[in-house]
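Engineer: Quick one: the structure is below, and I'll ask about it shortly.
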Amino acid sequence: MAIAAFLPVFIKLFPIWMLGGGWLAVVLYRRRAASLPVSSTTGGKLGALAGLLAFVFLAVFMSAYLISATLGLHQGEQIRSSLRAALQQTAASNPDARTQLLVQWSQTPEGLAMLVAISMFVFLVAFLLFSTAGGIFAASLSRRKLR
């Protein structure tokens, strides 16, 4: 799941590969422990664990990339300017004054740090929810096959 987050082809399909990650966790667990039944609760836990691990890997890879790009390649200002451009493009489509204030605030160092923290939290929740749902769905389908 973490690798798929970096591939441009898969970015727009993020709910599908997050569901697939939870599904894959249950499938691999069933392959390893074929004699044990997998309940929906267990499938959900396996999916949630897969989502948490994928988020941790994504956070580590993303942090390593940003640190190396900023410190090693000296592209920090280029990364910040591309983030600012994306924010301004988004704000241009919304004429609300509060949106304009939010964009101005997010261009400060504190605002940018808060924006990154909020984004990472949203990614964590998305990874957990979608992969848990994929695990539950895979477990419920595998139980039906056994009956």
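Convention: chains lettered A, B, ... in structure tokens order; per-chain residue numbering from 1; ligands numbered from 1 as shown.
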Name the residues in contact with Gly47 in chain A at a cut-off of 12 Å, using only C-alpha atoms, excluding same-chain residues fewer than 3 positions from it; report them as an MDAnalysis selection string.

Structural biologist: chainID A and resid 1 18:29 38 40:44 50:54 127:139

Engineer: Keeping C-alpha atoms, export the residues of the selection given above as a PDB file, in the first residue's frame.

Structural biologist:
ATOM      1  CA  MET A   1       0.000   0.000   0.000  1.00  0.00           C
ATOM      2  CA  MET A  18      -6.137   0.406   0.473  1.00  0.00           C
ATOM      3  CA  LEU A  19      -9.056  -2.044   0.400  1.00  0.00           C
ATOM      4  CA  GLY A  20      -6.795  -4.432  -1.478  1.00  0.00           C
ATOM      5  CA  GLY A  21      -4.137  -4.177   1.205  1.00  0.00           C
ATOM      6  CA  GLY A  22      -6.575  -5.294   3.897  1.00  0.00           C
ATOM      7  CA  TRP A  23      -7.827  -8.015   1.602  1.00  0.00           C
ATOM      8  CA  LEU A  24      -4.278  -9.200   0.913  1.00  0.00           C
ATOM      9  CA  ALA A  25      -3.510  -9.335   4.640  1.00  0.00           C
ATOM     10  CA  VAL A  26      -6.419 -11.727   5.190  1.00  0.00           C
ATOM     11  CA  VAL A  27      -5.535 -13.835   2.143  1.00  0.00           C
ATOM     12  CA  LEU A  28      -1.919 -14.187   3.295  1.00  0.00           C
ATOM     13  CA  TYR A  29      -3.060 -15.028   6.824  1.00  0.00           C
ATOM     14  CA  VAL A  38     -11.080 -16.087  10.044  1.00  0.00           C
ATOM     15  CA  SER A  40     -14.924 -10.672  10.394  1.00  0.00           C
ATOM     16  CA  THR A  41     -13.446  -9.283  13.601  1.00  0.00           C
ATOM     17  CA  THR A  42     -10.128 -11.005  12.959  1.00  0.00           C
ATOM     18  CA  GLY A  43     -10.210  -9.871   9.329  1.00  0.00           C
ATOM     19  CA  GLY A  44     -10.810  -6.310  10.458  1.00  0.00           C
ATOM     20  CA  ALA A  50      -1.862  -3.878   7.497  1.00  0.00           C
ATOM     21  CA  GLY A  51      -3.136  -0.306   7.143  1.00  0.00           C
ATOM     22  CA  LEU A  52      -1.161   0.873  10.157  1.00  0.00           C
ATOM     23  CA  LEU A  53       2.027  -0.753   8.893  1.00  0.00           C
ATOM     24  CA  ALA A  54       1.485   0.700   5.424  1.00  0.00           C
ATOM     25  CA  PHE A 127      -5.369   3.783   5.644  1.00  0.00           C
ATOM     26  CA  LEU A 128      -6.998   2.378   8.773  1.00  0.00           C
ATOM     27  CA  LEU A 129     -10.602   2.650   7.581  1.00  0.00           C
ATOM     28  CA  PHE A 130     -10.158   1.336   4.052  1.00  0.00           C
ATOM     29  CA  SER A 131      -7.791  -1.491   4.926  1.00  0.00           C
ATOM     30  CA  THR A 132      -9.998  -2.548   7.859  1.00  0.00           C
ATOM     31  CA  ALA A 133     -12.986  -2.652   5.508  1.00  0.00           C
ATOM     32  CA  GLY A 134     -10.963  -4.707   3.021  1.00  0.00           C
ATOM     33  CA  GLY A 135      -9.996  -7.161   5.763  1.00  0.00           C
ATOM     34  CA  ILE A 136     -13.600  -7.514   6.949  1.00  0.00           C
ATOM     35  CA  PHE A 137     -14.827  -8.039   3.413  1.00  0.00           C
ATOM     36  CA  ALA A 138     -12.172 -10.669   2.646  1.00  0.00           C
ATOM     37  CA  ALA A 139     -12.887 -12.523   5.889  1.00  0.00           C
TER      38      ALA A 139
END

Engineer: So which residues touch range 86-94 of chain A within 12 Å, counting only C-alpha atoms, skipping near sequence neighbours fewer than 5 positions away, as an NGL selection string?

Structural biologist: :A and (79-81 or 99-107 or 111-112 or 115)

Engineer: Take the residues from that selection and write them out as an mmCIF file, in the first residue's frame, keeping C-alpha atoms.

Structural biologist:
data_model
loop_
_atom_site.group_PDB
_atom_site.id
_atom_site.type_symbol
_atom_site.label_atom_id
_atom_site.label_comp_id
_atom_site.auth_asym_id
_atom_site.auth_seq_id
_atom_site.Cartn_x
_atom_site.Cartn_y
_atom_site.Cartn_z
ATOM 1 C CA ILE A 79 9.026 21.690 -2.746
ATOM 2 C CA ARG A 80 7.518 24.523 -0.709
ATOM 3 C CA SER A 81 6.801 26.572 -3.833
ATOM 4 C CA THR A 99 -10.398 30.289 2.149
ATOM 5 C CA GLN A 100 -8.062 33.077 1.107
ATOM 6 C CA LEU A 101 -7.092 33.656 4.756
ATOM 7 C CA LEU A 102 -6.459 29.940 5.208
ATOM 8 C CA VAL A 103 -4.210 29.874 2.141
ATOM 9 C CA GLN A 104 -2.256 32.874 3.418
ATOM 10 C CA TRP A 105 -1.870 31.242 6.838
ATOM 11 C CA SER A 106 -0.792 27.931 5.313
ATOM 12 C CA GLN A 107 2.072 29.671 3.537
ATOM 13 C CA GLY A 111 0.748 26.877 8.756
ATOM 14 C CA LEU A 112 2.689 24.615 6.414
ATOM 15 C CA LEU A 115 -1.075 21.414 6.995
#

Engineer: Quick check for you: according to DSSP on this backbone, which residues of range 51-116 of chain A are classed as alpha helix (DSSP H)? Reply as a PyMOL selection string.

Structural biologist: chain A and resi 51-67+76-92+97-106+109-116

Engineer: For the residues selected in the previous step, produce a file with N, CA and C atoms as a compact mmCIF listing (two decimals), in the first residue's frame.

Structural biologist:
# COMPACT_ATOMS: atom_id res chain seq x y z
N GLY A 51 -3.02 -1.74 7.42
CA GLY A 51 -3.14 -0.31 7.14
C GLY A 51 -2.20 0.52 8.00
N LEU A 52 -2.07 0.15 9.27
CA LEU A 52 -1.16 0.87 10.16
C LEU A 52 0.28 0.71 9.70
N LEU A 53 0.66 -0.52 9.37
CA LEU A 53 2.03 -0.75 8.89
C LEU A 53 2.30 -0.02 7.58
N ALA A 54 1.32 -0.02 6.69
CA ALA A 54 1.49 0.70 5.42
C ALA A 54 1.63 2.19 5.67
N PHE A 55 0.86 2.74 6.60
CA PHE A 55 0.99 4.16 6.91
C PHE A 55 2.36 4.47 7.51
N VAL A 56 2.85 3.61 8.39
CA VAL A 56 4.17 3.83 8.99
C VAL A 56 5.24 3.81 7.90
N PHE A 57 5.15 2.83 6.99
CA PHE A 57 6.12 2.78 5.90
C PHE A 57 6.02 4.03 5.03
N LEU A 58 4.80 4.46 4.72
CA LEU A 58 4.61 5.67 3.92
C LEU A 58 5.21 6.88 4.63
N ALA A 59 4.96 7.01 5.92
CA ALA A 59 5.48 8.15 6.67
C ALA A 59 7.01 8.13 6.70
N VAL A 60 7.59 6.95 6.89
CA VAL A 60 9.05 6.85 6.93
C VAL A 60 9.64 7.18 5.55
N PHE A 61 9.07 6.59 4.48
CA PHE A 61 9.58 6.86 3.14
C PHE A 61 9.41 8.32 2.76
N MET A 62 8.25 8.88 3.07
CA MET A 62 7.99 10.28 2.75
C MET A 62 8.93 11.20 3.51
N SER A 63 9.15 10.92 4.79
CA SER A 63 10.07 11.72 5.58
C SER A 63 11.49 11.62 5.06
N ALA A 64 11.91 10.40 4.73
CA ALA A 64 13.26 10.21 4.19
C ALA A 64 13.43 10.96 2.87
N TYR A 65 12.40 10.89 2.04
CA TYR A 65 12.47 11.61 0.76
C TYR A 65 12.56 13.12 0.99
N LEU A 66 11.70 13.64 1.85
CA LEU A 66 11.70 15.09 2.09
C LEU A 66 13.01 15.56 2.73
N ILE A 67 13.54 14.76 3.64
CA ILE A 67 14.81 15.13 4.28
C ILE A 67 15.93 15.11 3.25
N GLY A 76 14.43 22.24 -1.03
CA GLY A 76 13.41 22.61 -0.06
C GLY A 76 12.52 23.72 -0.55
N GLU A 77 13.10 24.75 -1.12
CA GLU A 77 12.30 25.87 -1.59
C GLU A 77 11.45 25.47 -2.78
N GLN A 78 11.95 24.59 -3.62
CA GLN A 78 11.19 24.11 -4.77
C GLN A 78 9.97 23.30 -4.30
N ILE A 79 10.14 22.48 -3.29
CA ILE A 79 9.03 21.69 -2.75
C ILE A 79 7.99 22.61 -2.12
N ARG A 80 8.46 23.58 -1.33
CA ARG A 80 7.52 24.52 -0.71
C ARG A 80 6.78 25.36 -1.75
N SER A 81 7.47 25.77 -2.80
CA SER A 81 6.80 26.57 -3.83
C SER A 81 5.77 25.75 -4.61
N SER A 82 6.04 24.47 -4.82
CA SER A 82 5.03 23.65 -5.50
C SER A 82 3.81 23.43 -4.61
N LEU A 83 4.03 23.29 -3.29
CA LEU A 83 2.90 23.20 -2.36
C LEU A 83 2.10 24.50 -2.35
N ARG A 84 2.79 25.62 -2.34
CA ARG A 84 2.10 26.91 -2.36
C ARG A 84 1.29 27.08 -3.64
N ALA A 85 1.88 26.68 -4.77
CA ALA A 85 1.17 26.80 -6.04
C ALA A 85 -0.09 25.95 -6.05
N ALA A 86 0.01 24.74 -5.51
CA ALA A 86 -1.17 23.87 -5.46
C ALA A 86 -2.24 24.47 -4.55
N LEU A 87 -1.83 25.04 -3.42
CA LEU A 87 -2.80 25.68 -2.53
C LEU A 87 -3.45 26.88 -3.19
N GLN A 88 -2.66 27.70 -3.88
CA GLN A 88 -3.22 28.88 -4.53
C GLN A 88 -4.16 28.49 -5.67
N GLN A 89 -3.83 27.42 -6.38
CA GLN A 89 -4.70 26.96 -7.45
C GLN A 89 -6.03 26.48 -6.89
N THR A 90 -5.98 25.78 -5.76
CA THR A 90 -7.20 25.31 -5.11
C THR A 90 -8.02 26.49 -4.60
N ALA A 91 -7.34 27.46 -4.01
CA ALA A 91 -8.04 28.62 -3.46
C ALA A 91 -8.62 29.51 -4.55
N ALA A 92 -8.02 29.50 -5.73
CA ALA A 92 -8.53 30.33 -6.81
C ALA A 92 -9.93 29.90 -7.24
N ALA A 97 -13.65 34.46 1.39
CA ALA A 97 -12.57 35.19 2.06
C ALA A 97 -11.86 34.32 3.10
N ARG A 98 -12.61 33.44 3.74
CA ARG A 98 -11.99 32.56 4.74
C ARG A 98 -11.00 31.60 4.09
N THR A 99 -11.32 31.17 2.88
CA THR A 99 -10.40 30.29 2.15
C THR A 99 -9.12 31.03 1.82
N GLN A 100 -9.25 32.28 1.42
CA GLN A 100 -8.06 33.08 1.11
C GLN A 100 -7.20 33.28 2.36
N LEU A 101 -7.84 33.51 3.50
CA LEU A 101 -7.09 33.66 4.76
C LEU A 101 -6.39 32.35 5.12
N LEU A 102 -7.06 31.24 4.91
CA LEU A 102 -6.46 29.94 5.21
C LEU A 102 -5.25 29.68 4.32
N VAL A 103 -5.34 30.05 3.05
CA VAL A 103 -4.21 29.87 2.14
C VAL A 103 -3.05 30.76 2.57
N GLN A 104 -3.33 31.98 2.95
CA GLN A 104 -2.26 32.87 3.42
C GLN A 104 -1.61 32.33 4.68
N TRP A 105 -2.42 31.80 5.60
CA TRP A 105 -1.87 31.24 6.84
C TRP A 105 -1.04 30.00 6.55
N SER A 106 -1.50 29.17 5.60
CA SER A 106 -0.79 27.93 5.31
C SER A 106 0.54 28.18 4.63
N PRO A 109 5.50 29.25 7.90
CA PRO A 109 6.12 27.99 8.34
C PRO A 109 5.23 27.19 9.30
N GLU A 110 4.54 27.88 10.22
CA GLU A 110 3.66 27.19 11.15
C GLU A 110 2.46 26.60 10.43
N GLY A 111 1.90 27.35 9.50
CA GLY A 111 0.75 26.88 8.76
C GLY A 111 1.09 25.69 7.88
N LEU A 112 2.26 25.74 7.25
CA LEU A 112 2.69 24.62 6.41
C LEU A 112 2.92 23.36 7.25
N ALA A 113 3.52 23.53 8.42
CA ALA A 113 3.73 22.38 9.32
C ALA A 113 2.39 21.81 9.78
N MET A 114 1.44 22.66 10.10
CA MET A 114 0.11 22.19 10.52
C MET A 114 -0.60 21.50 9.37
N LEU A 115 -0.46 22.03 8.17
CA LEU A 115 -1.07 21.41 7.00
C LEU A 115 -0.50 20.02 6.76
N VAL A 116 0.79 19.86 6.90
CA VAL A 116 1.41 18.54 6.74
C VAL A 116 0.94 17.59 7.83

Engineer: Which distance in Å separates CA of Arg31 in chain A and CA of Ser142 in chain A, to one decimal?

Structural biologist: 11.4 Å

Engineer: How far is it from CA of Phe14 in chain A to CA of Phe121 in chain A, in Å with one decimal?

Structural biologist: 15.6 Å

Engineer: Grab the CA of Ile16 in chain A to CA of Lys45 in chain A distance for me, in Å with one decimal place.

Structural biologist: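 Pair CA of Ile16 in chain A / CA of Lys45 in chain A returns 18.4 Å.
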